[in-house]
Every structure is written in structure tokens, then in C-alpha cells.
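Coordinates from data.txt are shown below (compact mmCIF, C-alpha atoms and all ligand atoms).
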```
# COMPACT_ATOMS: atom_id res chain seq x y z
CA MET L 1 0.00 0.00 0.00
CA SER L 2 1.40 3.44 -0.92
CA LYS L 3 1.45 6.24 1.63
CA ILE L 4 -1.37 8.01 -0.20
CA GLU L 5 -3.46 4.82 -0.11
CA HIS L 6 -2.74 4.47 3.59
CA PHE L 7 -3.77 8.12 4.12
CA LEU L 8 -7.01 7.53 2.19
CA ALA L 9 -7.76 4.40 4.21
CA LEU L 10 -7.33 6.31 7.48
CA ILE L 11 -9.65 9.05 6.19
CA GLU L 12 -12.14 6.43 5.03
CA GLU L 13 -12.35 4.75 8.43
CA SER L 14 -12.53 8.03 10.38
CA ARG L 15 -15.70 9.88 11.26
CA ASN L 16 -14.41 12.88 13.03
CA ILE L 17 -11.19 14.46 11.74
CA ALA L 18 -9.36 17.41 13.27
CA ALA L 19 -6.57 19.00 11.27
CA PHE L 20 -3.67 20.83 12.85
CA THR L 21 -1.94 23.19 10.45
CA GLY L 22 1.20 25.30 10.50
CA ALA L 23 3.01 27.76 8.31
CA GLY L 24 3.95 24.97 5.85
CA ILE L 25 0.41 24.77 4.47
CA SER L 26 0.66 28.39 3.31
CA THR L 27 4.12 28.41 1.71
CA GLU L 28 2.61 27.33 -1.62
CA SER L 29 0.44 30.46 -1.40
CA GLY L 30 3.65 32.49 -1.29
CA ILE L 31 3.72 33.14 2.48
CA PRO L 32 7.12 32.16 3.86
CA ASP L 33 7.22 29.93 6.94
CA PHE L 34 9.43 30.77 9.91
CA ARG L 35 11.99 28.03 10.01
CA SER L 36 12.70 26.95 6.43
CA PRO L 37 15.74 28.50 4.70
CA GLY L 38 14.67 32.01 3.69
CA GLY L 39 11.90 31.90 6.34
CA VAL L 40 10.96 34.97 8.38
CA TRP L 41 13.22 34.22 11.37
CA THR L 42 16.27 33.99 9.14
CA LYS L 43 15.66 37.67 8.21
CA MET L 44 14.41 39.42 11.37
CA GLN L 45 14.18 38.90 15.11
CA PRO L 46 10.72 38.44 16.57
CA ILE L 47 9.46 41.32 18.75
CA LEU L 48 8.68 40.03 22.23
CA PHE L 49 5.33 40.95 23.77
CA ASP L 50 6.83 42.68 26.83
CA ASP L 51 9.07 44.81 24.59
CA PHE L 52 6.08 45.81 22.46
CA ILE L 53 4.21 46.95 25.58
CA ALA L 54 7.18 48.67 27.21
CA SER L 55 8.64 50.53 24.28
CA ARG L 56 7.18 52.99 21.80
CA ALA L 57 10.20 52.36 19.55
CA MET L 58 9.41 48.64 19.48
CA ARG L 59 5.78 49.36 18.64
CA ASP L 60 6.92 51.61 15.80
CA GLU L 61 9.20 48.83 14.58
CA ALA L 62 6.29 46.35 14.71
CA TRP L 63 3.98 48.66 12.73
CA SER L 64 6.78 49.43 10.31
CA ARG L 65 7.13 45.69 9.57
CA ILE L 66 3.41 45.66 8.75
CA PHE L 67 3.05 48.92 6.83
CA ASP L 68 6.50 49.52 5.32
CA LYS L 69 8.13 46.14 4.90
CA LYS L 70 4.79 44.51 4.12
CA THR L 71 5.85 41.17 5.59
CA LYS L 72 3.77 38.94 3.40
CA LEU L 73 1.12 37.45 5.65
CA THR L 74 -1.98 38.86 4.06
CA GLY L 75 -3.31 39.23 0.55
CA ALA L 76 -2.47 35.67 -0.56
CA ALA L 77 -4.84 33.12 -2.09
CA PRO L 78 -5.53 29.65 -0.63
CA ASN L 79 -3.82 26.67 -2.31
CA THR L 80 -4.51 22.96 -2.87
CA GLY L 81 -3.67 22.09 0.75
CA HIS L 82 -6.37 24.45 2.03
CA LYS L 83 -8.78 23.14 -0.63
CA ALA L 84 -8.23 19.51 0.38
CA LEU L 85 -9.36 20.41 3.91
CA VAL L 86 -12.44 22.20 2.56
CA HIS L 87 -13.28 19.04 0.62
CA LEU L 88 -12.95 16.88 3.75
CA SER L 89 -15.28 19.29 5.50
CA ARG L 90 -17.86 19.21 2.68
CA ILE L 91 -17.97 15.40 2.70
CA GLY L 92 -18.64 15.53 6.42
CA LYS L 93 -15.32 14.08 7.58
CA LEU L 94 -13.57 17.16 8.93
CA ASP L 95 -14.84 18.76 12.11
CA CYS L 96 -12.38 21.58 12.55
CA VAL L 97 -8.97 22.98 11.74
CA ILE L 98 -6.75 23.99 14.61
CA THR L 99 -4.26 26.37 13.09
CA GLN L 100 -1.09 28.09 14.19
CA ASN L 101 -1.41 30.24 11.09
CA VAL L 102 -2.47 33.83 11.29
CA ASP L 103 -3.09 34.43 7.58
CA GLY L 104 -6.83 33.74 7.49
CA LEU L 105 -6.46 31.42 4.45
CA HIS L 106 -8.55 28.58 5.89
CA GLN L 107 -11.55 30.88 6.11
CA LEU L 108 -10.80 32.38 2.70
CA SER L 109 -10.70 28.87 1.21
CA GLY L 110 -14.30 28.31 2.34
CA LEU L 111 -14.24 26.87 5.86
CA ASN L 112 -16.69 28.37 8.33
CA ASP L 113 -15.09 30.75 10.79
CA LYS L 114 -16.48 28.67 13.66
CA ASP L 115 -14.60 25.59 12.37
CA VAL L 116 -11.20 27.34 12.36
CA ILE L 117 -9.52 27.56 15.76
CA GLU L 118 -6.80 30.20 15.48
CA ILE L 119 -4.60 29.51 18.49
CA HIS L 120 -2.02 32.14 17.47
CA GLY L 121 -4.52 34.79 16.44
CA ASN L 122 -5.03 36.54 13.11
CA ALA L 123 -2.73 38.95 11.28
CA THR L 124 -5.37 40.46 9.05
CA TYR L 125 -6.68 42.85 11.72
CA ALA L 126 -5.67 44.45 15.03
CA ALA L 127 -7.25 44.79 18.46
CA CYS L 128 -6.99 46.87 21.61
CA LEU L 129 -5.11 44.93 24.29
CA ASP L 130 -7.33 46.41 27.02
CA CYS L 131 -10.90 46.41 25.70
CA SER L 132 -10.48 44.05 22.70
CA ALA L 133 -12.07 46.54 20.26
CA ARG L 134 -11.28 45.44 16.72
CA TYR L 135 -9.44 47.72 14.28
CA GLU L 136 -8.78 47.12 10.58
CA LEU L 137 -5.17 47.61 9.46
CA ASP L 138 -6.26 50.09 6.75
CA GLN L 139 -7.83 52.22 9.47
CA LEU L 140 -4.55 52.31 11.44
CA GLU L 141 -2.07 52.97 8.66
CA PRO L 142 -2.83 56.74 8.41
CA ILE L 143 -2.23 57.09 12.18
CA TYR L 144 1.13 55.35 11.77
CA ARG L 145 1.97 57.61 8.81
CA LEU L 146 1.34 60.63 11.04
CA GLY L 147 4.03 59.28 13.37
CA LYS L 148 1.63 58.71 16.26
CA ASP L 149 1.51 55.90 18.82
CA ILE L 150 -1.47 53.77 17.78
CA ARG L 151 -3.96 53.83 20.67
CA CYS L 152 -7.56 52.72 21.16
CA ALA L 153 -10.12 55.43 20.40
CA ASP L 154 -12.41 54.04 23.10
CA CYS L 155 -10.12 53.39 26.06
CA GLY L 156 -6.64 54.65 25.15
CA GLY L 157 -5.20 51.11 25.38
CA ILE L 158 -2.35 49.89 23.22
CA ILE L 159 -3.46 48.45 19.90
CA LYS L 160 -1.60 45.43 18.53
CA ARG L 161 -2.01 43.23 15.50
CA ALA L 162 -4.31 40.40 16.60
CA THR L 163 -1.57 37.75 16.58
CA ILE L 164 -0.05 36.10 19.63
CA SER L 165 3.56 37.24 20.06
CA PHE L 166 6.34 35.41 21.83
CA GLY L 167 5.85 36.04 25.54
CA GLN L 168 2.12 36.80 25.15
CA ALA L 169 -0.45 34.57 26.86
CA MET L 170 -2.24 32.10 24.60
CA PRO L 171 -5.97 32.78 24.16
CA GLU L 172 -7.44 30.48 26.80
CA ASP L 173 -10.79 29.94 25.09
CA LYS L 174 -9.11 28.93 21.82
CA MET L 175 -6.68 26.56 23.54
CA GLU L 176 -9.56 24.92 25.44
CA HIS L 177 -11.49 24.56 22.20
CA ALA L 178 -8.42 23.04 20.50
CA VAL L 179 -7.88 20.55 23.33
CA ARG L 180 -11.57 19.55 23.24
CA ALA L 181 -11.30 18.99 19.49
CA ALA L 182 -8.10 16.94 19.92
CA VAL L 183 -9.80 14.75 22.52
CA ALA L 184 -12.95 14.34 20.42
CA CYS L 185 -11.37 13.48 17.06
CA ASP L 186 -10.64 9.96 15.86
CA LEU L 187 -8.04 11.13 13.33
CA MET L 188 -5.71 14.08 13.64
CA ILE L 189 -3.97 15.27 10.48
CA VAL L 190 -0.96 17.55 10.98
CA ILE L 191 -0.07 19.54 7.88
CA GLY L 192 2.98 21.78 7.52
CA SER L 193 4.18 22.25 11.07
CA SER L 194 7.64 21.72 12.51
CA LEU L 195 5.84 20.89 15.79
CA VAL L 196 8.42 22.72 17.87
CA VAL L 197 6.28 25.66 19.06
CA TYR L 198 4.68 24.97 22.46
CA PRO L 199 2.04 24.69 23.82
CA ALA L 200 0.60 24.38 20.28
CA ALA L 201 2.56 21.21 19.54
CA ASP L 202 0.95 19.49 22.53
CA ILE L 203 -2.35 19.33 20.64
CA PRO L 204 -1.49 16.41 18.30
CA ARG L 205 0.08 14.53 21.23
CA ILE L 206 -3.15 14.96 23.24
CA ALA L 207 -5.07 13.46 20.29
CA THR L 208 -2.90 10.32 20.30
CA GLU L 209 -3.24 10.00 24.08
CA THR L 210 -6.99 9.88 23.70
CA ASN L 211 -6.81 7.19 21.01
CA ALA L 212 -6.99 9.19 17.80
CA LYS L 213 -4.88 8.06 14.86
CA LEU L 214 -2.25 10.59 13.80
CA VAL L 215 -1.04 11.49 10.30
CA ILE L 216 1.83 13.95 9.87
CA LEU L 217 2.33 15.53 6.45
CA ASN L 218 5.45 17.66 6.49
CA ARG L 219 8.49 18.03 4.27
CA GLU L 220 10.84 17.48 7.20
CA PRO L 221 10.84 15.17 10.22
CA THR L 222 9.14 16.47 13.38
CA PRO L 223 9.62 15.51 17.05
CA LEU L 224 6.21 13.76 17.02
CA ASP L 225 6.87 11.52 14.00
CA GLY L 226 7.43 8.56 16.33
CA LEU L 227 3.85 8.88 17.66
CA ALA L 228 2.24 8.93 14.22
CA ASP L 229 0.43 6.09 12.46
CA LEU L 230 1.54 7.57 9.15
CA VAL L 231 4.27 10.08 8.35
CA ILE L 232 4.54 11.58 4.87
CA HIS L 233 7.66 13.62 4.21
CA ASP L 234 6.56 15.23 0.99
CA GLU L 235 5.17 18.42 -0.54
CA ILE L 236 1.72 19.39 0.74
CA GLY L 237 0.51 20.46 -2.71
CA PHE L 238 1.49 17.16 -4.31
CA VAL L 239 -0.14 15.02 -1.61
CA SER L 240 -3.27 17.20 -1.46
CA GLU L 241 -3.70 17.00 -5.22
CA ALA L 242 -3.46 13.20 -5.07
CA LEU L 243 -5.98 13.09 -2.20
CA LEU L 244 -8.44 15.34 -3.99
CA LYS L 245 -8.20 13.22 -7.13
CA SER L 246 -8.81 9.98 -5.22
CA LEU L 247 -11.67 11.48 -3.23
CA GLY L 248 -13.30 12.38 -6.53
CA SER L 249 -13.52 16.13 -6.12
P1 LIG L 301 7.43 26.34 10.98
O1 LIG L 301 8.00 27.35 10.06
O2 LIG L 301 8.12 26.06 12.27
O3 LIG L 301 7.33 24.94 10.22
C1 LIG L 301 6.77 24.82 8.95
C2 LIG L 301 7.05 23.38 8.49
O4 LIG L 301 6.41 23.22 7.23
C3 LIG L 301 8.54 23.11 8.28
O5 LIG L 301 8.88 21.93 8.97
C4 LIG L 301 8.68 22.93 6.75
O6 LIG L 301 9.58 21.91 6.41
C5 LIG L 301 7.27 22.53 6.36
N1 LIG L 301 6.88 22.97 5.01
C6 LIG L 301 6.96 24.21 4.48
N2 LIG L 301 6.43 24.23 3.24
C7 LIG L 301 6.04 22.96 2.96
C8 LIG L 301 5.44 22.33 1.84
N3 LIG L 301 5.11 23.02 0.75
N4 LIG L 301 5.17 20.99 1.90
C9 LIG L 301 5.51 20.27 3.01
N5 LIG L 301 6.06 20.82 4.11
C10 LIG L 301 6.33 22.15 4.09
O7 LIG L 301 5.91 26.68 11.20
P2 LIG L 301 4.91 26.33 12.39
O8 LIG L 301 5.16 24.95 12.88
O9 LIG L 301 3.58 26.74 11.93
O10 LIG L 301 5.35 27.31 13.57
C11 LIG L 301 5.69 28.62 13.29
C12 LIG L 301 4.87 29.71 13.93
O11 LIG L 301 4.88 30.71 12.95
C13 LIG L 301 3.43 29.45 14.16
O12 LIG L 301 3.20 29.73 15.48
C14 LIG L 301 2.65 30.47 13.31
O13 LIG L 301 1.83 31.26 14.13
C15 LIG L 301 3.65 31.37 12.73
N6 LIG L 301 3.63 31.62 11.26
C16 LIG L 301 2.45 31.70 10.59
C17 LIG L 301 2.45 31.93 9.22
C18 LIG L 301 1.15 31.98 8.51
O14 LIG L 301 0.15 32.35 9.09
N7 LIG L 301 1.11 31.60 7.23
C19 LIG L 301 3.66 32.09 8.52
C20 LIG L 301 4.86 32.03 9.25
C21 LIG L 301 4.82 31.78 10.63
ZN ZN L 302 -9.63 49.81 23.98
```

What does the file become when written as C-alpha cells?
Amino acid sequence: MSKIEHFLALIEESRNIAAFTGAGISTESGIPDFRSPGGVWTKMQPILFDDFIASRAMRDEAWSRIFDKKTKLTGAAPNTGHKALVHLSRIGKLDCVITQNVDGLHQLSGLNDKDVIEIHGNATYAACLDCSARYELDQLEPIYRLGKDIRCADCGGIIKRATISFGQAMPEDKMEHAVRAAVACDLMIVIGSSLVVYPAADIPRIATETNAKLVILNREPTPLDGLADLVIHDEIGFVSEALLKSLGS
């Protein structure tokens, strides 16, 4: 049996799939991941949450990365990997996608917002850290261009892109939702994650501990490969295309 056939058989016998995706599912949409050669961390240091809060200069640097350097996280189109998940959802197999991605491409590909659990937030908008009021990036850019500190119009709180930075607390409700989904699923499919960022990488392990099968589709080995029922070290686009063909979409 080929790996694709094995993957199909696991999908066939499952009733309740949860996917866990990372930056690798979006590289074929032109969004670089963090750890591959040429990835974001090879070019710039992450800004830590405490530094963002403490320093106006750091906030300016963060907004400059968004508005001047246009770090490519938004404006991309979903690819075959995203579409394969939409297909699994339409045929009633996929319950939810737990994603570390912040690019919004799962929703853009056609999944319902309620079925996408964004444990690291969303880069396509911003929010006040005190009152949670939502702000669109387009709304904030003119304030940045005027050289002002970007503050909440309602409460004066610091506004930050709605992603979770290093050193920032994980959103508790999203993590609880993700853990519930990991416990409830009978098959967890990891796509495009190095599985080294914690606590996110605990999610697939929790699924195996509660008797779900685990498939890992990633170009490179991950620390959880030994726990998986099937590991495919290949390109996500290639495997997704083959899956879609076999599933008759
Ligand atoms: P990562 O960069 O640590 O790992 C990505 C993995 O995907 C790598 O192991 C790489 O080998 C693999 N990969 C890349 N392209 C692939 C392809 N076409 N086919 C098969 N495998 C491929 O990413 P991570 O595990 O998601 O952790 C990084 C953190 O970075 C996350 O917390 C996430 O929030 C953030 N991030 C998000 C985006 C995004 O939203 N698109 C982009 C960069 C980083
Ligand atoms: Zn506010």
C-alpha cells in the first residue's frame, strides 16, 4: 500500500477528523514559513510581547514591519492544501482545523469561521489589548503615517495586531477549544508544522493519548513523527492534489 493509499484508508475509516496546520500549508500560497531556509526568522528577530508593551520604539518597529516592509502574511490566495481540507469538511469528515497560522487562508478557502480555531490569532486585523475593540489595518495605517503611537479610540489602550507574540499569553478559550477537538477526534492530520512551538505542539500529542490516529504531512521530520500512524515527508501540494483526485472532487 502506498502512503497516499494508507492516508485515504485512514480518512475512510474516520468519522471525526481534526486538522492541525502550521506555516507549511501556506508556503505554496507564497507566504514564507518561519523556520525553512529564507523563512521569516532567518531575516528578522521576533518582537517580544513585553518589549512591544514597554517601548514605543518597538511598537513603531512592529507597525513598520506591517506597513513599510509589508511582511507577506496577508493578501495571498488559498492553495490545494487548504482546498483539500475544505473538501474533507464538505464530505462531512472534517470537524475543525486547529491552526497556528495567522493568515486567514482557511476561512478564505471556504471553511466556516467557527470551524477554524486560530490559536495564534489573526494577522489580518488588530485589536486593543485592554478592551479588545477590533481595528482594521487600513484604518490604522494613516495614524502610523502621522508618526503617532497607535492607541484605542475608546479606552486609550495599546493596539496590537491580533496575533499572539512570543511572551504573550495564549488565548485560553481557543486553547480549550483546541484541546476539546483533539480529545474528540478519531483522526488528527498535521499539515505543515515543525511541531516545535509549544504549547501548540501538545495538541497532536493529546489526540494520540486519547486514542486518535495521527497522520503527519510535512516536508521534514518532526519531534512527534514517532507517535504517528503515518508520516509523509513530501510536498503538501502534491499530496493534497493526489488526495483530492482519489476522493473524486
Ligand atoms: P514552521 O516554520 O516552524 O514549520 C513549517 C514546516 O512546514 C517546516 O517543517 C517545513 O519543512 C514545512 N513545510 C513548508 N512548506 C512545505 C510544503 N510546501 N510541503 C511540506 N512541508 C512544508 O511553522 P509552524 O510549525 O507553523 O510554527 C511557526 C509559527 O509561525 C506558528 O506559530 C505560526 O503562528 C507562525 N507563522 C504563521 C504563518 C502563517 O500564518 N502563514 C507564517 C509564518 C509563521
Ligand atoms: Zn480599547

Near-ligand residues for ligand LIG 301 (chain L), threshold 6 Å, all atoms listed in the file, as a PyMOL selection string: chain L and resi 22-24+26-28+31-36+100-103+120+192-195+197+218-220+234-236

Tell me, counting all atoms listed in the file, for each residue of chain L within 6 Å of ligand ZN 302 (chain L), which pair of atoms is nearest and how far apart they are in Å to one decimal, in rows ordered by chain and increasing number, as a Markdown table.
```
| residue | atom | partner | partner_atom | distance |
| --- | --- | --- | --- | --- |
| L:Cys128 | CA | L:ZN302 | ZN | 4.6 |
| L:Asp130 | CA | L:ZN302 | ZN | 5.1 |
| L:Cys131 | CA | L:ZN302 | ZN | 4.0 |
| L:Ser132 | CA | L:ZN302 | ZN | 6.0 |
| L:Ala133 | CA | L:ZN302 | ZN | 5.5 |
| L:Cys152 | CA | L:ZN302 | ZN | 4.6 |
| L:Asp154 | CA | L:ZN302 | ZN | 5.1 |
| L:Cys155 | CA | L:ZN302 | ZN | 4.2 |
| L:Gly156 | CA | L:ZN302 | ZN | 5.8 |
| L:Gly157 | CA | L:ZN302 | ZN | 4.8 |
```

Residues as selected, C-alpha atoms, written as a PDB file, in the frame of the given file, can you do that?
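Heads up, here's the output in again-v7.pdb:
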```
ATOM      1  CA  CYS L 128      -6.990  46.870  21.610  1.00  0.00           C
ATOM      2  CA  ASP L 130      -7.330  46.410  27.020  1.00  0.00           C
ATOM      3  CA  CYS L 131     -10.900  46.410  25.700  1.00  0.00           C
ATOM      4  CA  SER L 132     -10.480  44.050  22.700  1.00  0.00           C
ATOM      5  CA  ALA L 133     -12.070  46.540  20.260  1.00  0.00           C
ATOM      6  CA  CYS L 152      -7.560  52.720  21.160  1.00  0.00           C
ATOM      7  CA  ASP L 154     -12.410  54.040  23.100  1.00  0.00           C
ATOM      8  CA  CYS L 155     -10.120  53.390  26.060  1.00  0.00           C
ATOM      9  CA  GLY L 156      -6.640  54.650  25.150  1.00  0.00           C
ATOM     10  CA  GLY L 157      -5.200  51.110  25.380  1.00  0.00           C
TER      11      GLY L 157
END
```

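Reported to one decimal place, the separation of atom CA of Pro78 of chain L from atom CA of Phe49 of chain L is 29.0 Å.
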
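The protein and nucleic acid residues lying at most 9 Å from Ile4 of chain L are Met1, Phe7, Leu8, Ala9, Ile232, Val239, Ala242 and Leu243 of chain L, with all atoms listed in the file considered and sequence neighbours fewer than 3 positions away removed.
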
Go through L:Ala54, L:Ile119, L:Ile203, L:Ala19 one by one, measure the shortest atom-to-atom distance of each to Gly104 of chain L using only C-alpha atoms, and give the residue with the smallest value. L:Ile119

Show me, as a Markdown table, the residues of segment 7-85 of chain L having an atom within 10 Å of segment 137-140 of chain L, each with the closest atom pair and its distance in Å, using only C-alpha atoms.
```
| residue | atom | partner | partner_atom | distance |
| --- | --- | --- | --- | --- |
| L:Trp63 | CA | L:Leu140 | CA | 9.4 |
| L:Ile66 | CA | L:Leu137 | CA | 8.8 |
| L:Phe67 | CA | L:Leu137 | CA | 8.7 |
```

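Across the structure, atom CA of Ala228 of chain L and atom CA of Gly248 of chain L are spaced 26.2 Å apart.
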